[in-house]
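What follows is the content of start.cif (mmCIF, C-alpha atoms).
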```cif
data_entry
loop_
_atom_site.label_atom_id
_atom_site.label_comp_id
_atom_site.auth_asym_id
_atom_site.auth_seq_id
_atom_site.Cartn_x
_atom_site.Cartn_y
_atom_site.Cartn_z
CA MET A 1 115.25 136.73 95.28
CA LYS A 2 113.86 137.17 98.79
CA THR A 3 110.93 134.93 97.95
CA LEU A 4 113.32 132.32 96.63
CA ILE A 5 115.39 132.35 99.81
CA ALA A 6 112.23 132.18 101.89
CA ALA A 7 110.96 129.25 99.83
CA VAL A 8 114.24 127.37 100.14
CA ALA A 9 114.42 128.06 103.87
CA LEU A 10 110.85 126.86 104.29
CA GLY A 11 111.55 123.72 102.31
CA TRP A 12 114.62 123.11 104.43
CA SER A 13 112.78 123.48 107.69
CA LEU A 14 109.98 121.17 106.54
CA ASN A 15 112.57 118.62 105.56
CA SER A 16 114.28 118.66 108.93
CA MET A 17 110.97 118.41 110.75
CA ALA A 18 109.80 115.45 108.73
CA ALA A 19 110.60 112.61 111.08
CA ILE A 20 109.55 114.26 114.33
CA ASP A 21 106.55 112.87 116.11
CA THR A 22 104.78 114.46 119.01
CA TYR A 23 104.91 112.00 121.84
CA GLU A 24 104.58 112.94 125.46
CA PHE A 25 106.95 111.34 127.89
CA SER A 26 106.61 111.14 131.63
CA GLY A 27 110.20 112.19 132.15
CA ASP A 28 113.62 112.77 130.66
CA GLU A 29 114.66 109.21 131.37
CA GLU A 30 111.78 107.79 129.33
CA ARG A 31 112.48 110.22 126.52
CA ALA A 32 116.15 109.21 126.49
CA ARG A 33 115.21 105.53 126.33
CA TYR A 34 112.90 106.22 123.40
CA ARG A 35 115.67 108.15 121.59
CA VAL A 36 118.16 105.32 122.06
CA LEU A 37 115.66 102.71 120.84
CA VAL A 38 114.61 104.55 117.67
CA GLU A 39 118.24 105.27 116.89
CA GLU A 40 119.41 101.69 117.43
CA LEU A 41 116.61 100.04 115.51
CA ARG A 42 116.64 99.93 111.76
CA CYS A 43 113.83 100.67 109.34
CA PRO A 44 112.95 97.48 107.40
CA LYS A 45 111.83 99.43 104.35
CA CYS A 46 114.50 102.07 103.84
CA GLN A 47 117.37 99.88 104.77
CA ASN A 48 120.13 102.33 105.55
CA GLN A 49 118.16 104.46 107.93
CA ASN A 50 117.24 103.94 111.53
CA LEU A 51 113.69 104.40 112.76
CA ALA A 52 114.43 107.91 113.99
CA ASP A 53 115.57 109.13 110.57
CA SER A 54 113.08 107.39 108.37
CA ASN A 55 109.90 108.85 107.00
CA ALA A 56 108.50 105.58 105.70
CA PRO A 57 105.03 104.71 107.00
CA ILE A 58 106.39 101.50 108.47
CA ALA A 59 108.98 103.45 110.46
CA MET A 60 106.20 105.69 111.79
CA ASP A 61 104.22 102.60 112.81
CA LEU A 62 107.21 101.08 114.54
CA ARG A 63 107.98 104.32 116.39
CA ARG A 64 104.38 104.42 117.58
CA GLU A 65 104.67 100.79 118.63
CA ILE A 66 107.87 101.46 120.57
CA TYR A 67 106.18 104.39 122.30
CA ARG A 68 103.19 102.19 123.18
CA LEU A 69 105.43 99.45 124.61
CA LEU A 70 107.43 102.01 126.60
CA LYS A 71 104.19 103.31 128.07
CA GLU A 72 103.19 99.75 128.93
CA GLY A 73 106.31 99.59 131.06
CA GLN A 74 108.30 97.10 128.99
CA THR A 75 112.07 97.08 129.32
CA ASP A 76 114.35 98.02 126.42
CA ALA A 77 115.33 94.38 125.97
CA GLN A 78 111.68 93.33 125.76
CA ILE A 79 110.93 95.99 123.16
CA VAL A 80 113.89 94.96 121.00
CA GLU A 81 112.85 91.32 121.40
CA TYR A 82 109.30 92.21 120.31
CA LEU A 83 110.53 93.76 117.06
CA VAL A 84 113.12 91.07 116.37
CA ALA A 85 110.40 88.40 116.72
CA ARG A 86 108.52 90.11 113.88
CA TYR A 87 111.18 91.59 111.63
CA GLY A 88 114.21 89.43 112.41
CA ASP A 89 117.73 90.38 113.47
CA PHE A 90 117.77 92.76 110.54
CA VAL A 91 116.11 95.51 112.59
CA ARG A 92 119.01 95.65 115.03
CA TYR A 93 121.95 97.84 114.19
CA SER A 94 123.95 95.88 116.74
CA PRO A 95 123.29 92.27 115.76
CA PRO A 96 123.69 89.50 118.35
CA LEU A 97 126.49 86.96 118.09
CA ASN A 98 125.12 83.77 116.53
CA ALA A 99 125.97 81.35 113.73
CA ASN A 100 124.75 83.78 111.06
CA THR A 101 126.69 86.76 112.35
CA LEU A 102 129.87 84.92 113.34
CA LEU A 103 131.78 86.16 110.30
CA LEU A 104 130.59 89.70 110.91
CA TRP A 105 131.85 89.73 114.49
CA LEU A 106 135.01 87.62 114.12
CA GLY A 107 135.97 88.58 110.56
CA PRO A 108 137.89 91.73 111.57
CA LEU A 109 139.72 89.79 114.31
CA GLY A 110 140.63 87.15 111.71
CA LEU A 111 142.01 89.82 109.40
CA LEU A 112 143.98 91.33 112.28
CA ALA A 113 145.46 87.92 113.15
CA GLY A 114 146.31 87.33 109.46
CA GLY A 115 148.03 90.71 109.31
CA ALA A 116 150.02 89.93 112.47
CA VAL A 117 151.18 86.59 111.04
CA LEU A 118 152.20 88.27 107.77
CA LEU A 119 154.07 91.00 109.63
CA ARG A 120 155.95 88.37 111.67
CA LEU A 121 156.91 86.48 108.54
CA ILE A 122 158.27 89.62 106.92
CA VAL A 123 160.23 90.63 110.03
CA ARG A 124 161.69 87.11 110.33
CA ARG A 125 162.83 87.18 106.74
CA LYS A 126 164.49 90.57 107.22
CA GLN A 127 166.28 89.27 110.32
CA ARG A 128 167.61 86.32 108.37
CA VAL A 129 169.02 88.66 105.72
CA LEU A 130 170.64 90.99 108.24
CA PRO A 131 173.51 88.78 109.58
CA ASP A 132 174.73 88.27 106.00
CA ALA A 133 174.82 92.00 105.53
CA GLN A 134 177.03 92.33 108.62
CA ASP A 135 179.46 89.76 107.24
CA GLN A 136 179.86 91.74 104.08
CA GLY A 137 180.57 94.83 106.13
CA LEU A 138 183.44 97.23 105.71
CA SER A 139 186.87 95.98 104.78
CA ASP A 140 189.86 96.82 107.05
CA SER A 141 190.97 99.74 104.90
CA GLU A 142 187.47 101.15 104.85
CA ARG A 143 187.28 100.88 108.63
CA THR A 144 190.49 102.85 109.09
CA ARG A 145 189.25 105.49 106.70
CA LEU A 146 185.93 105.73 108.52
CA ALA A 147 187.70 106.04 111.86
CA SER A 148 189.96 108.78 110.57
CA LEU A 149 187.02 110.67 109.10
CA LEU A 150 185.15 110.46 112.38
CA ASP A 151 188.24 111.55 114.36
CA HIS A 152 188.66 114.42 111.99
CA LYS A 153 185.11 115.48 112.63
CA THR A 154 185.47 115.40 116.42
CA ASP A 155 188.67 117.49 116.19
CA ASP A 156 186.75 120.41 114.74
CA MET B 1 157.84 79.73 96.15
CA LYS B 2 158.53 83.27 94.91
CA ARG B 3 156.62 82.45 91.70
CA ALA B 4 153.59 81.32 93.66
CA PHE B 5 153.54 84.68 95.49
CA LEU B 6 153.29 86.46 92.16
CA LEU B 7 149.93 84.78 91.65
CA LEU B 8 148.60 86.10 94.96
CA PRO B 9 147.14 89.36 93.56
CA LEU B 10 145.37 87.39 90.84
CA ALA B 11 143.93 84.99 93.41
CA LEU B 12 142.74 87.91 95.55
CA PHE B 13 141.22 89.55 92.50
CA LEU B 14 139.35 86.38 91.56
CA LEU B 15 138.06 85.97 95.11
CA MET B 16 136.79 89.57 95.10
CA ALA B 17 135.28 89.09 91.66
CA VAL B 18 133.32 86.05 92.84
CA PHE B 19 131.94 87.98 95.82
CA LEU B 20 131.05 91.06 93.78
CA TYR B 21 129.46 88.97 91.03
CA ARG B 22 127.29 87.26 93.62
CA GLY B 23 126.43 90.67 95.01
CA LEU B 24 124.94 91.68 91.68
CA PHE B 25 122.16 89.16 92.15
CA LEU B 26 121.47 89.57 95.85
CA LYS B 27 118.24 91.28 96.75
CA PRO B 28 118.81 93.08 100.03
CA GLU B 29 115.27 94.43 100.02
CA GLU B 30 113.93 90.90 100.46
CA LEU B 31 114.33 90.24 104.14
CA PRO B 32 114.03 86.71 105.41
CA SER B 33 110.93 86.46 107.54
CA ALA B 34 111.44 85.91 111.24
CA LEU B 35 108.17 83.98 111.32
CA ILE B 36 109.01 80.98 109.16
CA GLY B 37 107.99 77.85 111.06
CA LYS B 38 105.86 79.82 113.50
CA PRO B 39 102.06 79.66 113.75
CA LEU B 40 100.00 82.59 112.51
CA PRO B 41 99.67 85.38 115.06
CA VAL B 42 96.44 85.51 117.00
CA PHE B 43 94.00 88.04 115.55
CA SER B 44 90.33 88.89 115.36
CA LEU B 45 89.55 91.39 112.64
CA PRO B 46 86.48 92.44 110.66
CA SER B 47 85.79 91.22 107.16
CA VAL B 48 86.21 93.63 104.26
CA LEU B 49 83.01 92.58 102.55
CA GLU B 50 80.66 91.29 105.24
CA ASP B 51 79.53 93.70 107.93
CA GLN B 52 79.59 92.41 111.50
CA ARG B 53 81.70 89.39 110.62
CA LEU B 54 84.92 88.81 112.55
CA ILE B 55 87.70 86.67 111.12
CA SER B 56 90.28 85.00 113.34
CA GLN B 57 93.34 82.83 112.76
CA ALA B 58 91.14 79.75 113.38
CA ASP B 59 89.21 80.51 110.16
CA VAL B 60 92.41 80.33 108.13
CA VAL B 61 93.57 76.98 109.51
CA GLY B 62 92.58 73.74 107.80
CA ARG B 63 94.00 73.88 104.30
CA PRO B 64 97.26 75.20 102.85
CA ALA B 65 96.74 78.71 101.53
CA LEU B 66 98.35 81.90 100.33
CA LEU B 67 97.97 84.90 102.58
CA ASN B 68 98.25 87.97 100.39
CA VAL B 69 98.87 91.39 101.95
CA TRP B 70 97.48 94.11 99.68
CA ALA B 71 96.06 97.64 99.62
CA THR B 72 94.43 99.95 97.13
CA TRP B 73 97.28 102.46 97.58
CA CYS B 74 99.74 99.79 96.48
CA ILE B 75 100.35 100.08 92.76
CA ALA B 76 102.24 96.81 92.50
CA CYS B 77 99.17 95.05 93.96
CA LYS B 78 97.22 96.07 90.88
CA VAL B 79 99.82 94.38 88.70
CA GLU B 80 99.61 91.26 90.79
CA HIS B 81 95.81 91.12 90.98
CA PRO B 82 95.05 89.45 87.60
CA VAL B 83 97.54 86.68 88.43
CA LEU B 84 95.80 86.09 91.76
CA ASN B 85 92.44 85.93 89.95
CA LYS B 86 93.84 83.34 87.62
CA LEU B 87 95.26 81.26 90.47
CA ALA B 88 91.99 81.44 92.38
CA ALA B 89 90.19 80.20 89.25
CA GLN B 90 92.59 77.24 89.20
CA GLY B 91 91.55 76.38 92.74
CA VAL B 92 94.45 77.85 94.71
CA ILE B 93 93.23 79.07 98.07
CA ILE B 94 94.15 82.70 98.66
CA HIS B 95 93.17 84.83 101.62
CA GLY B 96 93.56 88.59 101.48
CA ILE B 97 94.75 90.93 104.19
CA ASN B 98 93.70 94.44 103.30
CA TYR B 99 96.58 96.33 104.92
CA LYS B 100 96.18 99.89 106.24
CA ASP B 101 93.53 100.74 103.74
CA ASP B 102 90.20 102.49 103.44
CA ASN B 103 87.53 99.80 103.53
CA THR B 104 85.21 101.50 101.02
CA ALA B 105 88.04 101.76 98.52
CA ALA B 106 88.91 98.11 99.16
CA ARG B 107 85.34 97.01 98.48
CA GLN B 108 85.27 99.03 95.28
CA TRP B 109 88.57 97.46 94.19
CA LEU B 110 87.26 93.93 94.75
CA LYS B 111 84.15 94.83 92.75
CA ASP B 112 86.12 96.40 89.90
CA PHE B 113 88.94 93.90 89.60
CA LEU B 114 87.19 90.76 90.94
CA ASN B 115 87.78 89.02 94.23
CA PRO B 116 90.30 86.18 94.27
CA TYR B 117 90.18 85.88 98.06
CA LYS B 118 88.33 83.26 100.10
CA LEU B 119 88.61 85.37 103.25
CA ASN B 120 88.99 89.12 103.19
CA ILE B 121 90.62 90.31 106.36
CA GLN B 122 90.40 94.01 107.11
CA ASP B 123 93.56 95.22 108.83
CA GLU B 124 92.91 98.92 108.88
CA GLN B 125 95.36 99.73 111.70
CA GLY B 126 98.08 97.45 110.37
CA ARG B 127 98.21 95.49 113.65
CA LEU B 128 98.13 92.08 111.98
CA GLY B 129 100.63 93.35 109.42
CA LEU B 130 102.95 94.35 112.25
CA ASP B 131 102.60 90.96 113.92
CA LEU B 132 103.42 89.35 110.58
CA GLY B 133 106.49 91.53 110.06
CA VAL B 134 105.00 93.18 106.99
CA TYR B 135 107.01 96.18 105.81
CA GLY B 136 105.35 96.88 102.50
CA ALA B 137 102.83 95.51 100.07
CA PRO B 138 102.43 93.21 98.30
CA GLU B 139 103.74 90.45 100.51
CA THR B 140 102.52 86.88 100.39
CA PHE B 141 102.78 84.20 103.04
CA LEU B 142 102.44 80.51 102.38
CA ILE B 143 100.78 78.70 105.28
CA ASP B 144 100.26 75.00 105.78
CA LYS B 145 97.08 73.28 106.88
CA ARG B 146 97.95 73.72 110.56
CA GLY B 147 98.26 77.46 110.05
CA VAL B 148 102.06 77.52 110.32
CA ILE B 149 103.88 80.08 108.15
CA ARG B 150 106.17 78.18 105.81
CA HIS B 151 107.35 80.75 103.30
CA LYS B 152 107.22 84.46 102.59
CA PHE B 153 107.44 86.16 99.24
CA VAL B 154 107.98 89.92 99.00
CA GLY B 155 106.92 91.66 95.80
CA VAL B 156 104.66 91.06 92.86
CA ILE B 157 103.58 87.49 92.14
CA THR B 158 103.93 87.08 88.40
CA GLU B 159 103.17 83.90 86.48
CA GLN B 160 106.89 83.15 86.47
CA VAL B 161 107.25 83.68 90.22
CA TRP B 162 104.30 81.40 90.81
CA ARG B 163 105.62 78.71 88.47
CA GLU B 164 109.20 78.77 89.73
CA GLN B 165 108.98 79.66 93.39
CA LEU B 166 105.53 79.34 94.88
CA ALA B 167 103.74 76.53 93.02
CA PRO B 168 106.26 73.81 94.00
CA ARG B 169 106.04 74.85 97.65
CA TYR B 170 102.25 75.01 97.55
CA GLN B 171 102.07 71.55 95.99
CA GLU B 172 104.36 70.24 98.70
CA LEU B 173 102.08 71.64 101.39
CA LEU B 174 99.03 70.11 99.69
CA SER B 175 100.62 66.67 99.74
CA GLU B 176 101.61 66.88 103.41
#
```

Let me see whether you can do it: turn the structure in this file into structure tokens.
Amino acid sequence: MKTLIAAVALGWSLNSMAAIDTYEFSGDEERARYRVLVEELRCPKCQNQNLADSNAPIAMDLRREIYRLLKEGQTDAQIVEYLVARYGDFVRYSPPLNANTLLLWLGPLGLLAGGAVLLRLIVRRKQRVLPDAQDQGLSDSERTRLASLLDHKTDD
Amino acid sequence: MKRAFLLLPLALFLLMAVFLYRGLFLKPEELPSALIGKPLPVFSLPSVLEDQRLISQADVVGRPALLNVWATWCIACKVEHPVLNKLAAQGVIIHGINYKDDNTAARQWLKDFLNPYKLNIQDEQGRLGLDLGVYGAPETFLIDKRGVIRHKFVGVITEQVWREQLAPRYQELLSE
């Protein structure tokens, strides 16, 4: 049993170490920039993982490339541009606003606007129904009865 | 008016069904290349077969060709290889990029399974592959006579793929 637990624990630790490279950074700021970049850029091979999570050889290559460009002194925007020029907008988890991504960016707003219009229509219709309801309100005898009931209540 | 509203759920359902049906046949693993319409990246890499020889993008320019990214570790490439041999025998110009591979193994492969490639570019570090936006093998680029990338195909080239997707494009480039 102990061996089993040890084996499982070992397997677990190997698993969690899988996508860690050993790069040396000149400072915390550079390390933070690297972290942000590998987390914001997407692996072209394993499509629902970012570069930081992925174990695919291509993700390793791209991480190495990002590290190299960082060391060359390129800005974050330049590095993203470099990868987009080769792999397309696909590699960005935050795609830019252009003709292809218009629906992606404005779709939710469109749905929200549609919902607002629908809500307004429904409210309007309810309001139109309401005045009729008032007309068919209580008859005189009912009103007197209601008043007496209420009076009775306050007397208590 | 009320009647028409009753049909709304059906209309929504049909709209969804159309989208989902389309989704069945989408291939998200085939990314559109960012390099379509762009010239080949600049490179200078050794040849797989000839020692001392350097191949550059200038060697590839001149005639329309297929640029096939392959490796001995790529099992699908083995499936594709006989088709490439056949195409080469028909006179289709194919250049090979041996991507992140061991050169000795690559030489052995070309000896064992024949060599369909006019030029054999050795991209051991994957630098050219990176510049081409390669994310796996096999991948095949179609370039025109000026060395501009015109089309990219990801996956195994079968006879059907060639006939239906690549041959018409290649013919078009030949007649340009």

(message) Using only C-alpha atoms, which protein or nucleic acid residues come within 10 Å of stretch 146-150 of chain B? Drop anything in the same chain fewer than 4 positions from it, and give the result as a list in words.
(response) Ser33, Leu35, Ile36, Gly37, Lys38, Pro39, Leu40, Pro41, Gln57, Ala58, Asp59, Val60, Val61, Gly62, Arg63, Pro64, Ala65, Leu66, Leu67, Leu132, Phe141, Leu142, Arg169, Tyr170 and Leu173 of chain B

(message) For a test of reading the model, state the distance in Å between atom CA of A:Cys46 and atom CA of A:Arg63, rounded to one decimal.
(response) 14.3 Å

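Taken over the shown file, the PyMOL selection byres ((chain A) within 10 of (chain B)) identifies Cys43, Pro44, Lys45, Cys46, Gln47, Ala56, Pro57, Ile58, Ala59, Asp61, Leu62, Glu65, Tyr82, Leu83, Val84, Ala85, Arg86, Tyr87, Gly88, Asp89 and Phe90 of chain A.
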
Write out the residues from the selection above, keeping C-alpha atoms, as a PDB file, keeping the file's coordinate frame.
```pdb
ATOM      1  CA  CYS A  43     113.830 100.670 109.340  1.00  0.00           C
ATOM      2  CA  PRO A  44     112.950  97.480 107.400  1.00  0.00           C
ATOM      3  CA  LYS A  45     111.830  99.430 104.350  1.00  0.00           C
ATOM      4  CA  CYS A  46     114.500 102.070 103.840  1.00  0.00           C
ATOM      5  CA  GLN A  47     117.370  99.880 104.770  1.00  0.00           C
ATOM      6  CA  ALA A  56     108.500 105.580 105.700  1.00  0.00           C
ATOM      7  CA  PRO A  57     105.030 104.710 107.000  1.00  0.00           C
ATOM      8  CA  ILE A  58     106.390 101.500 108.470  1.00  0.00           C
ATOM      9  CA  ALA A  59     108.980 103.450 110.460  1.00  0.00           C
ATOM     10  CA  ASP A  61     104.220 102.600 112.810  1.00  0.00           C
ATOM     11  CA  LEU A  62     107.210 101.080 114.540  1.00  0.00           C
ATOM     12  CA  GLU A  65     104.670 100.790 118.630  1.00  0.00           C
ATOM     13  CA  TYR A  82     109.300  92.210 120.310  1.00  0.00           C
ATOM     14  CA  LEU A  83     110.530  93.760 117.060  1.00  0.00           C
ATOM     15  CA  VAL A  84     113.120  91.070 116.370  1.00  0.00           C
ATOM     16  CA  ALA A  85     110.400  88.400 116.720  1.00  0.00           C
ATOM     17  CA  ARG A  86     108.520  90.110 113.880  1.00  0.00           C
ATOM     18  CA  TYR A  87     111.180  91.590 111.630  1.00  0.00           C
ATOM     19  CA  GLY A  88     114.210  89.430 112.410  1.00  0.00           C
ATOM     20  CA  ASP A  89     117.730  90.380 113.470  1.00  0.00           C
ATOM     21  CA  PHE A  90     117.770  92.760 110.540  1.00  0.00           C
TER      22      PHE A  90
END
```

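Within the file as shown, the PyMOL selection byres ((chain A and resi 30) around 12) identifies Tyr23, Glu24, Phe25, Ser26, Gly27, Asp28, Glu29, Arg31, Ala32, Arg33, Tyr34, Arg35, Val36, Leu37, Ile66, Tyr67, Arg68, Leu69, Leu70, Lys71, Glu72, Gly73, Gln74, Thr75 and Asp76 of chain A.
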
(message) Which polymer residues, whether protein, DNA or RNA, lie within 7 Å of the coordinate (117.3, 101.7, 111.0) when you count only C-alpha atoms? List them as a PyMOL selection string, using the chain letters and numbers from the file.
(response) chain A and resi 39-43+47-51+91+93

(request) Enter the distance from atom CA of B:Val154 to atom CA of B:Glu139, in Å, rounded to one decimal. (result) 4.5 Å

(message) Rounded to one decimal, what separation in Å do you get between atom CA of B:Ile157 and atom CA of B:Leu87?
(response) 10.5 Å

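The closest residue to B:Val161, picked from B:Leu15, B:Thr140, B:Glu50, B:Pro116 and counting only C-alpha atoms, is B:Thr140.
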
(message) Please expand the PyMOL selection byres ((chain B and resi 102-113) around 7) into the concrete residues it hits in this file, giving the result as JSON, numbers by chain.
(response) {"B": [48, 49, 72, 101, 114, 115]}

Take the residues just selected and output them with C-alpha atoms as a compact mmCIF listing (two decimals), keeping the file's coordinate frame.
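Here's the written file result-v9.txt:
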```
# COMPACT_ATOMS: atom_id res chain seq x y z
CA VAL B 48 86.21 93.63 104.26
CA LEU B 49 83.01 92.58 102.55
CA THR B 72 94.43 99.95 97.13
CA ASP B 101 93.53 100.74 103.74
CA LEU B 114 87.19 90.76 90.94
CA ASN B 115 87.78 89.02 94.23
```

Starting from the sparse input, extend stretch 153-173 of chain B to N, CA and C atoms and give the output as a PDB file, keeping the file's coordinate frame.
```pdb
ATOM      1  N   PHE B 153     106.956  85.564 100.473  1.00  0.00           N
ATOM      2  CA  PHE B 153     107.440  86.160  99.240  1.00  0.00           C
ATOM      3  C   PHE B 153     107.126  87.656  99.255  1.00  0.00           C
ATOM      4  N   VAL B 154     108.165  88.469  99.016  1.00  0.00           N
ATOM      5  CA  VAL B 154     107.980  89.920  99.000  1.00  0.00           C
ATOM      6  C   VAL B 154     107.988  90.385  97.543  1.00  0.00           C
ATOM      7  N   GLY B 155     106.962  91.122  97.157  1.00  0.00           N
ATOM      8  CA  GLY B 155     106.920  91.660  95.800  1.00  0.00           C
ATOM      9  C   GLY B 155     105.764  91.080  95.010  1.00  0.00           C
ATOM     10  N   VAL B 156     105.780  91.423  93.727  1.00  0.00           N
ATOM     11  CA  VAL B 156     104.660  91.060  92.860  1.00  0.00           C
ATOM     12  C   VAL B 156     104.758  89.582  92.459  1.00  0.00           C
ATOM     13  N   ILE B 157     103.649  88.871  92.627  1.00  0.00           N
ATOM     14  CA  ILE B 157     103.580  87.490  92.140  1.00  0.00           C
ATOM     15  C   ILE B 157     103.242  87.550  90.653  1.00  0.00           C
ATOM     16  N   THR B 158     104.202  87.196  89.832  1.00  0.00           N
ATOM     17  CA  THR B 158     103.930  87.080  88.400  1.00  0.00           C
ATOM     18  C   THR B 158     103.737  85.596  88.091  1.00  0.00           C
ATOM     19  N   GLU B 159     103.362  85.312  86.853  1.00  0.00           N
ATOM     20  CA  GLU B 159     103.170  83.900  86.480  1.00  0.00           C
ATOM     21  C   GLU B 159     104.472  83.133  86.672  1.00  0.00           C
ATOM     22  N   GLN B 160     105.580  83.804  86.343  1.00  0.00           N
ATOM     23  CA  GLN B 160     106.890  83.150  86.470  1.00  0.00           C
ATOM     24  C   GLN B 160     107.236  82.869  87.936  1.00  0.00           C
ATOM     25  N   VAL B 161     106.987  83.865  88.787  1.00  0.00           N
ATOM     26  CA  VAL B 161     107.250  83.680  90.220  1.00  0.00           C
ATOM     27  C   VAL B 161     106.432  82.508  90.749  1.00  0.00           C
ATOM     28  N   TRP B 162     105.163  82.473  90.360  1.00  0.00           N
ATOM     29  CA  TRP B 162     104.300  81.400  90.810  1.00  0.00           C
ATOM     30  C   TRP B 162     104.861  80.050  90.360  1.00  0.00           C
ATOM     31  N   ARG B 163     105.164  79.970  89.049  1.00  0.00           N
ATOM     32  CA  ARG B 163     105.620  78.710  88.470  1.00  0.00           C
ATOM     33  C   ARG B 163     106.918  78.244  89.135  1.00  0.00           C
ATOM     34  N   GLU B 164     107.862  79.183  89.300  1.00  0.00           N
ATOM     35  CA  GLU B 164     109.200  78.770  89.730  1.00  0.00           C
ATOM     36  C   GLU B 164     109.381  78.713  91.241  1.00  0.00           C
ATOM     37  N   GLN B 165     108.691  79.595  91.961  1.00  0.00           N
ATOM     38  CA  GLN B 165     108.980  79.660  93.390  1.00  0.00           C
ATOM     39  C   GLN B 165     107.829  79.183  94.281  1.00  0.00           C
ATOM     40  N   LEU B 166     106.616  79.584  93.925  1.00  0.00           N
ATOM     41  CA  LEU B 166     105.530  79.340  94.880  1.00  0.00           C
ATOM     42  C   LEU B 166     104.778  78.045  94.607  1.00  0.00           C
ATOM     43  N   ALA B 167     104.518  77.727  93.336  1.00  0.00           N
ATOM     44  CA  ALA B 167     103.740  76.530  93.020  1.00  0.00           C
ATOM     45  C   ALA B 167     104.360  75.248  93.595  1.00  0.00           C
ATOM     46  N   PRO B 168     105.688  75.045  93.440  1.00  0.00           N
ATOM     47  CA  PRO B 168     106.260  73.810  94.000  1.00  0.00           C
ATOM     48  C   PRO B 168     106.052  73.721  95.517  1.00  0.00           C
ATOM     49  N   ARG B 169     106.206  74.854  96.197  1.00  0.00           N
ATOM     50  CA  ARG B 169     106.040  74.850  97.650  1.00  0.00           C
ATOM     51  C   ARG B 169     104.585  74.584  98.028  1.00  0.00           C
ATOM     52  N   TYR B 170     103.679  75.195  97.277  1.00  0.00           N
ATOM     53  CA  TYR B 170     102.250  75.010  97.550  1.00  0.00           C
ATOM     54  C   TYR B 170     101.857  73.553  97.347  1.00  0.00           C
ATOM     55  N   GLN B 171     102.344  72.956  96.265  1.00  0.00           N
ATOM     56  CA  GLN B 171     102.070  71.550  95.990  1.00  0.00           C
ATOM     57  C   GLN B 171     102.568  70.663  97.130  1.00  0.00           C
ATOM     58  N   GLU B 172     103.760  71.006  97.595  1.00  0.00           N
ATOM     59  CA  GLU B 172     104.360  70.240  98.700  1.00  0.00           C
ATOM     60  C   GLU B 172     103.470  70.287  99.933  1.00  0.00           C
ATOM     61  N   LEU B 173     102.943  71.492 100.204  1.00  0.00           N
ATOM     62  CA  LEU B 173     102.080  71.640 101.390  1.00  0.00           C
ATOM     63  C   LEU B 173     100.774  70.863 101.201  1.00  0.00           C
TER      64      LEU B 173
END
```
